[in-house]
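A quick write-up on the structure given underneath.
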Amino acid sequence: MGNDVRAAAPGAPLIRLQSVSKSFVLPGKQVFQAVDDVSLSIARGEVFGLVGKSGAGKSTLMRLINLLERPDSGAVYVGDDDLTRLSKRALRDMRQTIGMIFQQFNLLQNATVFDNVAFPLKIHGVRDKDAVARRVRECLDIVGLSEKADSYPAQLSGGQKQRVAIARALAPRPAVLLCDEPTSALDPETTRAVLATLRDINAKLGVTIVIVTHELSVVRALCTQVAVVEEGKVVEQFALSDPPDTPRRTQLGRELGALRKARAIDPESGDDAGLTAHDRLDASDLAVDTELEPPRV
Amino acid sequence: MSDNIVAILPELWVAIGQTFLMLGIGLSAAILIGGPLGILLFLLSPGQSLANRFVFVALNWIINTVRSFPFIILLVALVPFTRIIAGTSIGPVAAAVPLSIAAIAYFARLVEQCLRDVPRGVIEAAHAMGASELQIVWRVLIVEARSGLVLALTVLAVSFLSYSAIAGVVGGGGIGDIAIRYGYYRFQSDVMILTVALLLVLVQIIQFAGNGIARRLDKR
């Protein structure tokens, strides 16, 4: 089951959320509808941005994809499997194909970089020590931290910690990488390095990326598709390859268009429609200059 | 050396052995039973992966109940139970039974509190990677809380060194028993000073070792 998720043809929808809803009971018995009947389809190889204000439900929406939050209703397809119908055991296996990174990195502080990256391999029963070591080296190479294998997370900078987290997520060769505000705790320069790493992973390994962010510059630099989330609903979804002056319904959509227009060096801004996310990435794109809210740190 | 001390010296060696025996049994029981119990209590608590309100409240209540007994009362109250487990109600092994019960409850609580310091996000990341509950316990909770757990065990050892003195009530013996019988009842101040000094050194050693190990294990 896990393997066909990795193997299926590019371009086909890899992730499908079918009218998923999720509510939380707040202290005081109030019910908060975090995600309200959302349907979403994410194609293989895409870099899909979920943007919105704090509390809009974008993080919850992403956490439904690997069932860190179980939806109250609706179905969550990754590949051909409806995750909500899988057994605990099958879901655990399935999660190998869905990597995740977090704003706060969430590394094991008492384990070396090597052991952190080896963690997902070991829990899924890779017993061969050489095989584990080889894969850990490969993943640390991808994020450029091979020489830090024996360090502990406390000895690393924020950007390095996030790259270790990326290496850890890549170790079981996932088809999808979920990124929950991956750069919100980082300074602009480090953000640039982490985004460059994510871009590489998407381009070279073909990993589908779903990224939750409130930084429009991150969307601009990385995403091919973006969905604007407001009050638990996806209110607008569009491709970043659309001409930047395409009319948008949401404030965020318009801001993103304006941002792209301002950055377009060629006056025929429509021309960059054909460019991939990777071509659009340059240093000026990555300066963290447009924020919807201050980082939560 | 004073005559009093020379006279109790052979008994003192036995007493030191008894203290270590009681402490050894009590701490082993705490680690083997109290540890898993503490982990279970943590996992059952609201917001954790095995959250179950009913079982959590019940377990919590049991642990609090055991912990609310003054040790000397627990010692006496458990005499019938001790007879079943140890075959007798007197001697160091018998005293180790109530000592173990108290240590299990105490350590379970300490473990539960240590695990609360493990950042939620780290546990969540392990879930996202597909770890099972057991893997999370062994590879995340214990690894991340290990220095705190060592310090908890240190606190436990020091407390129970002092609890073991009460074991004299049921003929448990031990260093504290010497202090009470000779130092206190017979006004042999030199014996009192010696035994207290001995306990003081033991406590210092335990705490020093515990701090050292905890520091070495902590990479945060």
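Residues are referred to by chain and number: the chain letter is A, B, ... according to the order shown in the structure tokens, the number counts from 1 in that chain, and ligands are numbered separately from 1 in the order shown.
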
Could you build a table of the residues in chain B lying no more than 8 Å from chain A, giving for each the nearest pair of atoms and their separation in Å rounded to one decimal place, using only C-alpha atoms, ordered by chain and ascending residue number, as a tab-separated table?
residue	atom	partner	partner_atom	distance
B:Pro119	CA	A:Asn106	CA	8.0
B:Gly121	CA	A:Asn106	CA	5.5
B:Val122	CA	A:Asn106	CA	4.6
B:Glu124	CA	A:Leu68	CA	7.8
B:Ala125	CA	A:Asn106	CA	6.4
B:His127	CA	A:Leu68	CA	7.5
B:Ala128	CA	A:Arg95	CA	6.4
B:Met129	CA	A:Arg95	CA	5.7
B:Gly130	CA	A:Arg92	CA	4.1
B:Ala131	CA	A:Ile123	CA	6.0
B:Ser132	CA	A:Arg92	CA	7.4
B:Gln135	CA	A:Ile123	CA	6.9
B:Val140	CA	A:Leu108	CA	7.2
B:Val143	CA	A:Asn110	CA	6.4
B:Glu144	CA	A:Asn110	CA	5.7
B:Leu217	CA	A:Asn110	CA	7.6
B:Asp218	CA	A:Asn110	CA	6.5
B:Lys219	CA	A:Asn110	CA	5.0
B:Arg220	CA	A:Gln109	CA	5.2

Suppose we keep C-alpha atoms; can you now write the selection as a PDB file, in the first residue's frame?
ATOM      1  CA  PRO B 119       7.446  19.052  24.756  1.00  0.00           C
ATOM      2  CA  GLY B 121       5.413  18.809  19.735  1.00  0.00           C
ATOM      3  CA  VAL B 122       8.087  16.146  20.011  1.00  0.00           C
ATOM      4  CA  GLU B 124       3.328  14.765  18.061  1.00  0.00           C
ATOM      5  CA  ALA B 125       6.232  14.557  15.606  1.00  0.00           C
ATOM      6  CA  HIS B 127       3.043  10.240  15.979  1.00  0.00           C
ATOM      7  CA  ALA B 128       3.325  11.939  12.598  1.00  0.00           C
ATOM      8  CA  MET B 129       6.213   9.607  11.742  1.00  0.00           C
ATOM      9  CA  GLY B 130       4.046   6.613  12.545  1.00  0.00           C
ATOM     10  CA  ALA B 131       5.460   5.618  15.926  1.00  0.00           C
ATOM     11  CA  SER B 132       3.389   3.269  18.084  1.00  0.00           C
ATOM     12  CA  GLN B 135       7.855   3.240  20.618  1.00  0.00           C
ATOM     13  CA  VAL B 140      10.708   9.554  22.945  1.00  0.00           C
ATOM     14  CA  VAL B 143      14.878   9.492  26.129  1.00  0.00           C
ATOM     15  CA  GLU B 144      13.693  13.068  26.469  1.00  0.00           C
ATOM     16  CA  LEU B 217      22.449  12.520  30.277  1.00  0.00           C
ATOM     17  CA  ASP B 218      21.032  15.968  29.618  1.00  0.00           C
ATOM     18  CA  LYS B 219      21.853  17.206  26.114  1.00  0.00           C
ATOM     19  CA  ARG B 220      19.123  19.819  25.977  1.00  0.00           C
TER      20      ARG B 220
END

Handout entry: Residue contacts of Val97 of chain B (12 Å, only C-alpha atoms) excluding same-chain residues fewer than 5 positions away, as a VMD selection string
Key = chain B and resid 21 to 30 71 74 to 92 102 to 104 164 167 170 172

Practice task
Rank nothing, just name the residue among B:Ile8, B:Ala15, B:Phe20, B:Arg109 nearest to Leu41 of chain B, using only C-alpha atoms.
Solution key: B:Arg109

Handout entry: strand (DSSP E or B) per DSSP on the backbone: members of segment 63-266 of chain A, as a PyMOL selection string
Key = chain A and resi 73-78+81-82+98-101+176-180+208-213+215+225-230+233-239

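Atom to atom, atom CA of Glu181 of chain A and atom CA of Asp115 of chain A stand 24.1 Å apart.
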
Practice task
Find the residues near segment 44-61 of chain A: any atom within 7 Å, counting only C-alpha atoms, skip ones fewer than 5 places away on the same chain, and give them as a ChimeraX atom specification.
Solution key: /A:10-14,34-35,180,202,206-214,219,222-232,292

Expected file: the selected residues, N, CA and C atoms, as a short mmCIF file (atom, residue, chain, number, x, y, z; two decimals), in the first residue's frame:
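Once written, part-v6.cif looks like this:
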data_model
loop_
_atom_site.label_atom_id
_atom_site.label_comp_id
_atom_site.auth_asym_id
_atom_site.auth_seq_id
_atom_site.Cartn_x
_atom_site.Cartn_y
_atom_site.Cartn_z
N PRO A 10 3.05 11.30 -12.10
CA PRO A 10 3.02 12.70 -11.70
C PRO A 10 1.80 13.41 -12.27
N GLY A 11 1.36 14.46 -11.60
CA GLY A 11 0.24 15.25 -12.10
C GLY A 11 -1.10 14.78 -11.58
N ALA A 12 -1.23 13.49 -11.28
CA ALA A 12 -2.50 12.98 -10.75
C ALA A 12 -2.68 13.49 -9.33
N PRO A 13 -3.95 13.65 -8.87
CA PRO A 13 -4.13 14.10 -7.50
C PRO A 13 -3.57 13.06 -6.52
N LEU A 14 -2.74 13.55 -5.63
CA LEU A 14 -2.12 12.64 -4.66
C LEU A 14 -2.88 12.72 -3.34
N ALA A 34 -13.03 24.57 13.34
CA ALA A 34 -11.71 24.91 12.80
C ALA A 34 -11.66 24.71 11.29
N VAL A 35 -12.25 23.61 10.83
CA VAL A 35 -12.33 23.33 9.40
C VAL A 35 -13.78 23.00 9.08
N ASP A 180 4.52 22.80 8.50
CA ASP A 180 3.66 23.66 9.31
C ASP A 180 4.45 24.89 9.76
N ASN A 202 11.64 19.28 -3.68
CA ASN A 202 10.51 19.18 -4.61
C ASN A 202 11.02 18.92 -6.02
N GLY A 206 11.04 15.06 -6.32
CA GLY A 206 9.65 14.98 -6.72
C GLY A 206 8.68 14.86 -5.56
N VAL A 207 9.12 15.28 -4.38
CA VAL A 207 8.24 15.19 -3.21
C VAL A 207 7.19 16.30 -3.28
N THR A 208 5.94 15.93 -3.14
CA THR A 208 4.85 16.90 -3.09
C THR A 208 4.91 17.64 -1.76
N ILE A 209 4.85 18.96 -1.81
CA ILE A 209 4.97 19.73 -0.57
C ILE A 209 3.68 20.48 -0.29
N VAL A 210 3.21 20.38 0.94
CA VAL A 210 2.08 21.19 1.40
C VAL A 210 2.64 22.09 2.49
N ILE A 211 2.47 23.39 2.34
CA ILE A 211 3.10 24.30 3.28
C ILE A 211 2.07 25.28 3.84
N VAL A 212 2.01 25.33 5.16
CA VAL A 212 1.17 26.30 5.84
C VAL A 212 2.05 27.48 6.21
N THR A 213 1.64 28.67 5.85
CA THR A 213 2.47 29.82 6.18
C THR A 213 1.62 31.07 6.25
N HIS A 214 2.12 32.07 6.97
CA HIS A 214 1.46 33.35 6.92
C HIS A 214 2.35 34.37 6.20
N VAL A 219 5.20 31.95 0.08
CA VAL A 219 4.29 31.45 -0.98
C VAL A 219 4.85 31.83 -2.34
N LEU A 222 7.97 29.79 -3.32
CA LEU A 222 7.99 28.33 -3.32
C LEU A 222 6.79 27.69 -4.00
N CYS A 223 5.61 28.28 -3.84
CA CYS A 223 4.39 27.55 -4.17
C CYS A 223 4.04 27.56 -5.65
N THR A 224 3.37 26.50 -6.07
CA THR A 224 2.79 26.47 -7.41
C THR A 224 1.29 26.70 -7.33
N GLN A 225 0.69 26.30 -6.23
CA GLN A 225 -0.74 26.47 -6.00
C GLN A 225 -0.91 27.08 -4.62
N VAL A 226 -1.96 27.84 -4.45
CA VAL A 226 -2.20 28.37 -3.12
C VAL A 226 -3.69 28.34 -2.83
N ALA A 227 -4.02 28.03 -1.59
CA ALA A 227 -5.41 28.08 -1.15
C ALA A 227 -5.49 29.05 0.01
N VAL A 228 -6.44 29.98 -0.07
CA VAL A 228 -6.61 30.95 0.99
C VAL A 228 -7.68 30.43 1.95
N VAL A 229 -7.33 30.33 3.22
CA VAL A 229 -8.24 29.78 4.22
C VAL A 229 -8.76 30.90 5.10
N GLU A 230 -10.08 30.97 5.22
CA GLU A 230 -10.69 31.93 6.13
C GLU A 230 -11.81 31.25 6.90
N GLU A 231 -11.80 31.40 8.18
CA GLU A 231 -12.82 30.83 9.06
C GLU A 231 -13.15 29.38 8.72
N GLY A 232 -12.11 28.59 8.53
CA GLY A 232 -12.29 27.16 8.33
C GLY A 232 -12.71 26.75 6.94
N LEU A 292 1.51 38.65 7.38
CA LEU A 292 0.11 38.89 7.74
C LEU A 292 -0.02 39.04 9.23
#

Problem - Shell around Ile63 of chain B at 12 Å using only C-alpha atoms, local window under 5 positions removed, as a list in words - result: Gly34, Leu37, Gly38, Leu41, Phe56, Val57, Ala58, Ser68, Phe69, Ile101, Ala102, Ala103, Ile104, Ala105, Tyr106, Phe107, Ala108, Arg109, Leu110 and Glu112 of chain B

Problem - Closest of A:Val164, A:Lys129, A:Ile142, A:Leu156 to Val117 of chain A - atom-to-atom distances counting only C-alpha atoms - result: A:Val164

Practice task
Determine, counting only C-alpha atoms, which protein, DNA and RNA residues have an atom within 10 Å of an atom of Asp37 of chain A; residues of the same chain fewer than 4 positions away are not included. Present the result as a PyMOL selection string.
Solution key: chain A and resi 17-22+33+71-74+232-234

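Take atom CA of Leu26 of chain A and atom CA of Ile123 of chain B: the distance between them is 22.1 Å.
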
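Among A:Val218, A:Ala167, A:Ala185, A:Val113, the residue with the shortest atom-to-atom distance to Arg135 of chain A, counting only C-alpha atoms, is A:Ala167.
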
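Comparing the minimum interatomic distances between Pro182 of chain A and each of A:Arg254, A:Lys161, A:Arg137, A:Lys29, counting only C-alpha atoms, we find that A:Lys161 sits nearest.
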
Practice task
Just the helix (DSSP H, G or I) stuff from segment 100-282 of chain A, please, per backbone DSSP, written as a PyMOL selection string.
Solution key: chain A and resi 113-123+129-142+146-148+153-155+158-170+188-205+216-222+251-263+269-274+277-280

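Across the structure, atom CA of Arg70 of chain A and atom CA of Ser45 of chain B are spaced 19.1 Å apart.
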